[in-house]
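**Q** Just so it is clear, I am handing over structure.pdb, which has PDB, C-alpha atoms.
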```pdb
ATOM      1  CA  MET A   1     -82.259-192.370  55.295
ATOM      2  CA  GLU A   2     -83.637-191.881  51.784
ATOM      3  CA  THR A   3     -81.815-192.720  48.555
ATOM      4  CA  VAL A   4     -82.380-191.333  45.048
ATOM      5  CA  PHE A   5     -80.416-192.857  42.151
ATOM      6  CA  PHE A   6     -79.625-190.818  39.041
ATOM      7  CA  LYS A   7     -77.958-191.328  35.668
ATOM      8  CA  GLU A   8     -75.994-189.031  33.372
ATOM      9  CA  GLN A   9     -79.080-188.374  31.216
ATOM     10  CA  ASP A  10     -80.939-186.994  34.272
ATOM     11  CA  PHE A  11     -78.734-183.865  34.140
ATOM     12  CA  LYS A  12     -80.011-180.944  32.080
ATOM     13  CA  GLU A  13     -77.704-178.578  30.232
ATOM     14  CA  THR A  14     -77.998-174.903  31.193
ATOM     15  CA  LEU A  15     -76.215-171.746  30.064
ATOM     16  CA  THR A  16     -73.673-172.201  32.869
ATOM     17  CA  GLY A  17     -73.163-175.992  32.788
ATOM     18  CA  PHE A  18     -75.257-178.950  33.912
ATOM     19  CA  VAL A  19     -77.739-179.461  36.745
ATOM     20  CA  PHE A  20     -79.540-182.445  38.279
ATOM     21  CA  THR A  21     -82.780-181.412  40.017
ATOM     22  CA  MET A  22     -84.999-183.413  42.363
ATOM     23  CA  LYS A  23     -87.997-182.544  44.503
ATOM     24  CA  CYS A  24     -87.475-182.993  48.249
ATOM     25  CA  ASP A  25     -89.910-181.663  50.851
ATOM     26  CA  ASP A  26     -88.159-179.303  53.280
ATOM     27  CA  ALA A  27     -84.883-179.680  51.338
ATOM     28  CA  GLU A  28     -83.261-176.679  52.998
ATOM     29  CA  ASN A  29     -83.413-178.459  56.389
ATOM     30  CA  LYS A  30     -82.084-181.876  55.318
ATOM     31  CA  LYS A  31     -78.550-183.313  55.255
ATOM     32  CA  PHE A  32     -77.378-184.593  51.856
ATOM     33  CA  GLY A  33     -74.536-186.800  50.679
ATOM     34  CA  ILE A  34     -73.584-187.443  47.053
ATOM     35  CA  GLU A  35     -71.961-190.685  45.938
ATOM     36  CA  ALA A  36     -70.618-191.469  42.465
ATOM     37  CA  LEU A  37     -70.854-194.942  40.953
ATOM     38  CA  GLN A  38     -67.383-196.488  40.554
ATOM     39  CA  PRO A  39     -66.281-198.899  37.770
ATOM     40  CA  ASP A  40     -66.376-201.842  40.211
ATOM     41  CA  GLY A  41     -70.050-201.137  41.048
ATOM     42  CA  SER A  42     -69.393-199.567  44.446
ATOM     43  CA  TYR A  43     -70.233-195.972  45.413
ATOM     44  CA  GLU A  44     -67.790-193.348  46.680
ATOM     45  CA  GLU A  45     -68.727-190.093  48.387
ATOM     46  CA  ILE A  46     -67.713-187.018  46.399
ATOM     47  CA  ILE A  47     -67.774-183.261  46.932
ATOM     48  CA  VAL A  48     -69.856-181.314  44.406
ATOM     49  CA  LEU A  49     -71.628-177.957  44.305
ATOM     50  CA  THR A  50     -75.236-178.338  45.492
ATOM     51  CA  THR A  51     -78.174-176.121  46.412
ATOM     52  CA  ALA A  52     -81.247-176.863  48.524
ATOM     53  CA  LYS A  53     -84.184-174.451  48.619
ATOM     54  CA  ASN A  54     -87.917-174.258  48.019
ATOM     55  CA  ASP A  55     -88.386-178.065  48.323
ATOM     56  CA  THR A  56     -85.802-178.626  45.558
ATOM     57  CA  PHE A  57     -82.305-180.130  45.694
ATOM     58  CA  GLU A  58     -79.823-179.546  42.841
ATOM     59  CA  ILE A  59     -76.387-180.855  41.882
ATOM     60  CA  HIS A  60     -74.354-178.443  39.726
ATOM     61  CA  GLU A  61     -71.734-180.640  38.054
ATOM     62  CA  GLN A  62     -70.785-182.421  34.837
ATOM     63  CA  PRO A  63     -73.155-185.395  34.350
ATOM     64  CA  PHE A  64     -72.283-188.617  36.195
ATOM     65  CA  GLU A  65     -74.092-191.665  37.529
ATOM     66  CA  GLY A  66     -74.618-191.884  41.266
ATOM     67  CA  ARG A  67     -76.991-191.450  44.164
ATOM     68  CA  VAL A  68     -78.178-188.852  46.648
ATOM     69  CA  LEU A  69     -78.487-189.928  50.291
ATOM     70  CA  TYR A  70     -80.439-187.691  52.666
ATOM     71  CA  THR A  71     -82.034-187.594  56.099
TER
END
```
So that I can check it, write out the structure of this file as structure tokens.
**A**
Amino acid sequence: METVFFKEQDFKETLTGFVFTMKCDDAENKKFGIEALQPDGSYEEIIVLTTAKNDTFEIHEQPFEGRVLYT
């Protein structure tokens, strides 16, 4: 399992909201989980809008700090 950490400033503003983008080989064939950092320092899995295509994985959401887990 791979882990990528991200911060609020890693999100870019677009015309339709915000997006976090990361490169991931064969992204369309991987399983992803998104976890948000909690005030106590733990992580909690959350449901957000994502896309995976062309070796790119994106989170379409208001900026937050968290991590992407994938296999």
**Q** Starting from the shown file, work through the PyMOL selection byres ((chain A and resi 28-30) around 9) and note down what comes out as a PyMOL selection string.
**A** chain A and resi 24-27+31-32+51-57+70-71
**Q** Which residues match the PyMOL selection byres ((chain A and resi 9) around 9) in the file above, as a PyMOL selection string?
**A** chain A and resi 6-8+10-12+63-65
**Q** Report, in Å with one decimal, the straight-line distance from atom CA of A:Thr50 to atom CA of A:Thr14.
**A**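 Computing the Euclidean distance for atom CA of A:Thr50 and atom CA of A:Thr14 yields 15.0 Å.
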**Q** Give me, as a ChimeraX atom specification, all polymer residues having an atom no more than 10 Å from stretch 42-46 of chain A, counting all atoms listed in the file and skipping those fewer than 4 positions away in the same chain.
**A** /A:33-38,65-69
**Q** Do you have the atom CA of A:His60-atom CA of A:Gly41 distance handy?
**A**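 Atom CA of A:His60 sits 23.1 Å away from atom CA of A:Gly41.
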**Q** Just the number, please: distance in Å from atom CA of A:Phe20 to atom CA of A:Glu61, one decimal.
**A** 8.0 Å
**Q** Around stretch 51-59 of chain A, with edges along x, y and z and 3 Å added on all six sides, what centre and edge lengths do you get, in Å to one decimal, as lines of an AutoDock Vina configuration file?
**A**
```
center_x = -82.4
center_y = -177.6
center_z = 45.3
size_x = 18.0
size_y = 12.6
size_z = 12.7
```
**Q** Would you fill out stretch 8-19 of chain A with all heavy atoms and return it as an mmCIF file, in the coordinates of the input?
**A**
```cif
data_model
loop_
_atom_site.group_PDB
_atom_site.id
_atom_site.type_symbol
_atom_site.label_atom_id
_atom_site.label_comp_id
_atom_site.auth_asym_id
_atom_site.auth_seq_id
_atom_site.Cartn_x
_atom_site.Cartn_y
_atom_site.Cartn_z
ATOM 1 N N GLU A 8 -76.518 -190.189 34.097
ATOM 2 C CA GLU A 8 -75.994 -189.031 33.372
ATOM 3 C C GLU A 8 -77.090 -188.285 32.617
ATOM 4 O O GLU A 8 -77.101 -187.057 32.583
ATOM 5 C CB GLU A 8 -74.896 -189.464 32.392
ATOM 6 C CG GLU A 8 -73.629 -189.914 33.075
ATOM 7 C CD GLU A 8 -72.544 -190.316 32.092
ATOM 8 O OE1 GLU A 8 -72.597 -189.895 30.918
ATOM 9 O OE2 GLU A 8 -71.647 -191.051 32.509
ATOM 10 N N GLN A 9 -78.035 -189.022 32.013
ATOM 11 C CA GLN A 9 -79.080 -188.374 31.216
ATOM 12 C C GLN A 9 -80.098 -187.611 32.067
ATOM 13 O O GLN A 9 -80.924 -186.882 31.527
ATOM 14 C CB GLN A 9 -79.781 -189.379 30.283
ATOM 15 C CG GLN A 9 -80.457 -190.508 30.988
ATOM 16 C CD GLN A 9 -79.596 -191.753 31.065
ATOM 17 O OE1 GLN A 9 -78.376 -191.664 31.120
ATOM 18 N NE2 GLN A 9 -80.225 -192.913 31.065
ATOM 19 N N ASP A 10 -80.045 -187.751 33.396
ATOM 20 C CA ASP A 10 -80.939 -186.994 34.272
ATOM 21 C C ASP A 10 -80.473 -185.549 34.473
ATOM 22 O O ASP A 10 -81.215 -184.720 35.002
ATOM 23 C CB ASP A 10 -81.056 -187.679 35.642
ATOM 24 C CG ASP A 10 -81.719 -189.051 35.547
ATOM 25 O OD1 ASP A 10 -82.590 -189.232 34.668
ATOM 26 O OD2 ASP A 10 -81.362 -189.928 36.343
ATOM 27 N N PHE A 11 -79.256 -185.231 34.059
ATOM 28 C CA PHE A 11 -78.734 -183.865 34.140
ATOM 29 C C PHE A 11 -79.222 -183.078 32.932
ATOM 30 O O PHE A 11 -79.268 -183.605 31.818
ATOM 31 C CB PHE A 11 -77.202 -183.861 34.159
ATOM 32 C CG PHE A 11 -76.604 -184.273 35.472
ATOM 33 C CD1 PHE A 11 -76.559 -185.605 35.852
ATOM 34 C CD2 PHE A 11 -76.067 -183.330 36.328
ATOM 35 C CE1 PHE A 11 -76.001 -185.995 37.053
ATOM 36 C CE2 PHE A 11 -75.503 -183.698 37.536
ATOM 37 C CZ PHE A 11 -75.469 -185.039 37.896
ATOM 38 N N LYS A 12 -79.573 -181.828 33.166
ATOM 39 C CA LYS A 12 -80.011 -180.944 32.080
ATOM 40 C C LYS A 12 -78.933 -179.902 31.839
ATOM 41 O O LYS A 12 -78.339 -179.374 32.774
ATOM 42 C CB LYS A 12 -81.320 -180.225 32.467
ATOM 43 C CG LYS A 12 -82.445 -181.163 32.821
ATOM 44 C CD LYS A 12 -82.896 -181.991 31.649
ATOM 45 C CE LYS A 12 -84.078 -182.843 32.029
ATOM 46 N NZ LYS A 12 -84.024 -184.190 31.562
ATOM 47 N N GLU A 13 -78.687 -179.597 30.568
ATOM 48 C CA GLU A 13 -77.704 -178.578 30.232
ATOM 49 C C GLU A 13 -78.324 -177.198 30.390
ATOM 50 O O GLU A 13 -79.457 -176.963 29.977
ATOM 51 C CB GLU A 13 -77.199 -178.768 28.813
ATOM 52 C CG GLU A 13 -76.021 -177.886 28.499
ATOM 53 C CD GLU A 13 -75.304 -178.281 27.223
ATOM 54 O OE1 GLU A 13 -75.810 -179.140 26.474
ATOM 55 O OE2 GLU A 13 -74.229 -177.704 26.981
ATOM 56 N N THR A 14 -77.569 -176.290 31.017
ATOM 57 C CA THR A 14 -77.998 -174.903 31.193
ATOM 58 C C THR A 14 -76.966 -173.990 30.540
ATOM 59 O O THR A 14 -75.961 -174.468 30.004
ATOM 60 C CB THR A 14 -78.126 -174.542 32.689
ATOM 61 O OG1 THR A 14 -76.821 -174.532 33.276
ATOM 62 C CG2 THR A 14 -79.016 -175.530 33.428
ATOM 63 N N LEU A 15 -77.177 -172.701 30.630
ATOM 64 C CA LEU A 15 -76.215 -171.746 30.064
ATOM 65 C C LEU A 15 -74.881 -171.773 30.801
ATOM 66 O O LEU A 15 -73.848 -171.409 30.238
ATOM 67 C CB LEU A 15 -76.796 -170.333 30.108
ATOM 68 C CG LEU A 15 -78.019 -170.095 29.213
ATOM 69 C CD1 LEU A 15 -78.582 -168.701 29.441
ATOM 70 C CD2 LEU A 15 -77.669 -170.304 27.759
ATOM 71 N N THR A 16 -74.895 -172.221 32.060
ATOM 72 C CA THR A 16 -73.673 -172.201 32.869
ATOM 73 C C THR A 16 -73.101 -173.589 33.143
ATOM 74 O O THR A 16 -72.142 -173.719 33.894
ATOM 75 C CB THR A 16 -73.935 -171.502 34.214
ATOM 76 O OG1 THR A 16 -74.994 -172.198 34.893
ATOM 77 C CG2 THR A 16 -74.321 -170.052 34.014
ATOM 78 N N GLY A 17 -73.675 -174.635 32.562
ATOM 79 C CA GLY A 17 -73.163 -175.992 32.788
ATOM 80 C C GLY A 17 -74.289 -177.003 32.803
ATOM 81 O O GLY A 17 -75.183 -176.964 31.969
ATOM 82 N N PHE A 18 -74.252 -177.896 33.786
ATOM 83 C CA PHE A 18 -75.257 -178.950 33.912
ATOM 84 C C PHE A 18 -75.844 -178.942 35.311
ATOM 85 O O PHE A 18 -75.174 -178.544 36.269
ATOM 86 C CB PHE A 18 -74.638 -180.325 33.643
ATOM 87 C CG PHE A 18 -74.231 -180.525 32.222
ATOM 88 C CD1 PHE A 18 -72.968 -180.146 31.780
ATOM 89 C CD2 PHE A 18 -75.101 -181.092 31.305
ATOM 90 C CE1 PHE A 18 -72.589 -180.332 30.472
ATOM 91 C CE2 PHE A 18 -74.730 -181.278 29.985
ATOM 92 C CZ PHE A 18 -73.470 -180.897 29.568
ATOM 93 N N VAL A 19 -77.096 -179.406 35.439
ATOM 94 C CA VAL A 19 -77.739 -179.461 36.745
ATOM 95 C C VAL A 19 -78.658 -180.686 36.814
ATOM 96 O O VAL A 19 -79.352 -181.001 35.856
ATOM 97 C CB VAL A 19 -78.527 -178.166 37.056
ATOM 98 C CG1 VAL A 19 -79.672 -177.954 36.097
ATOM 99 C CG2 VAL A 19 -79.010 -178.152 38.491
#
```
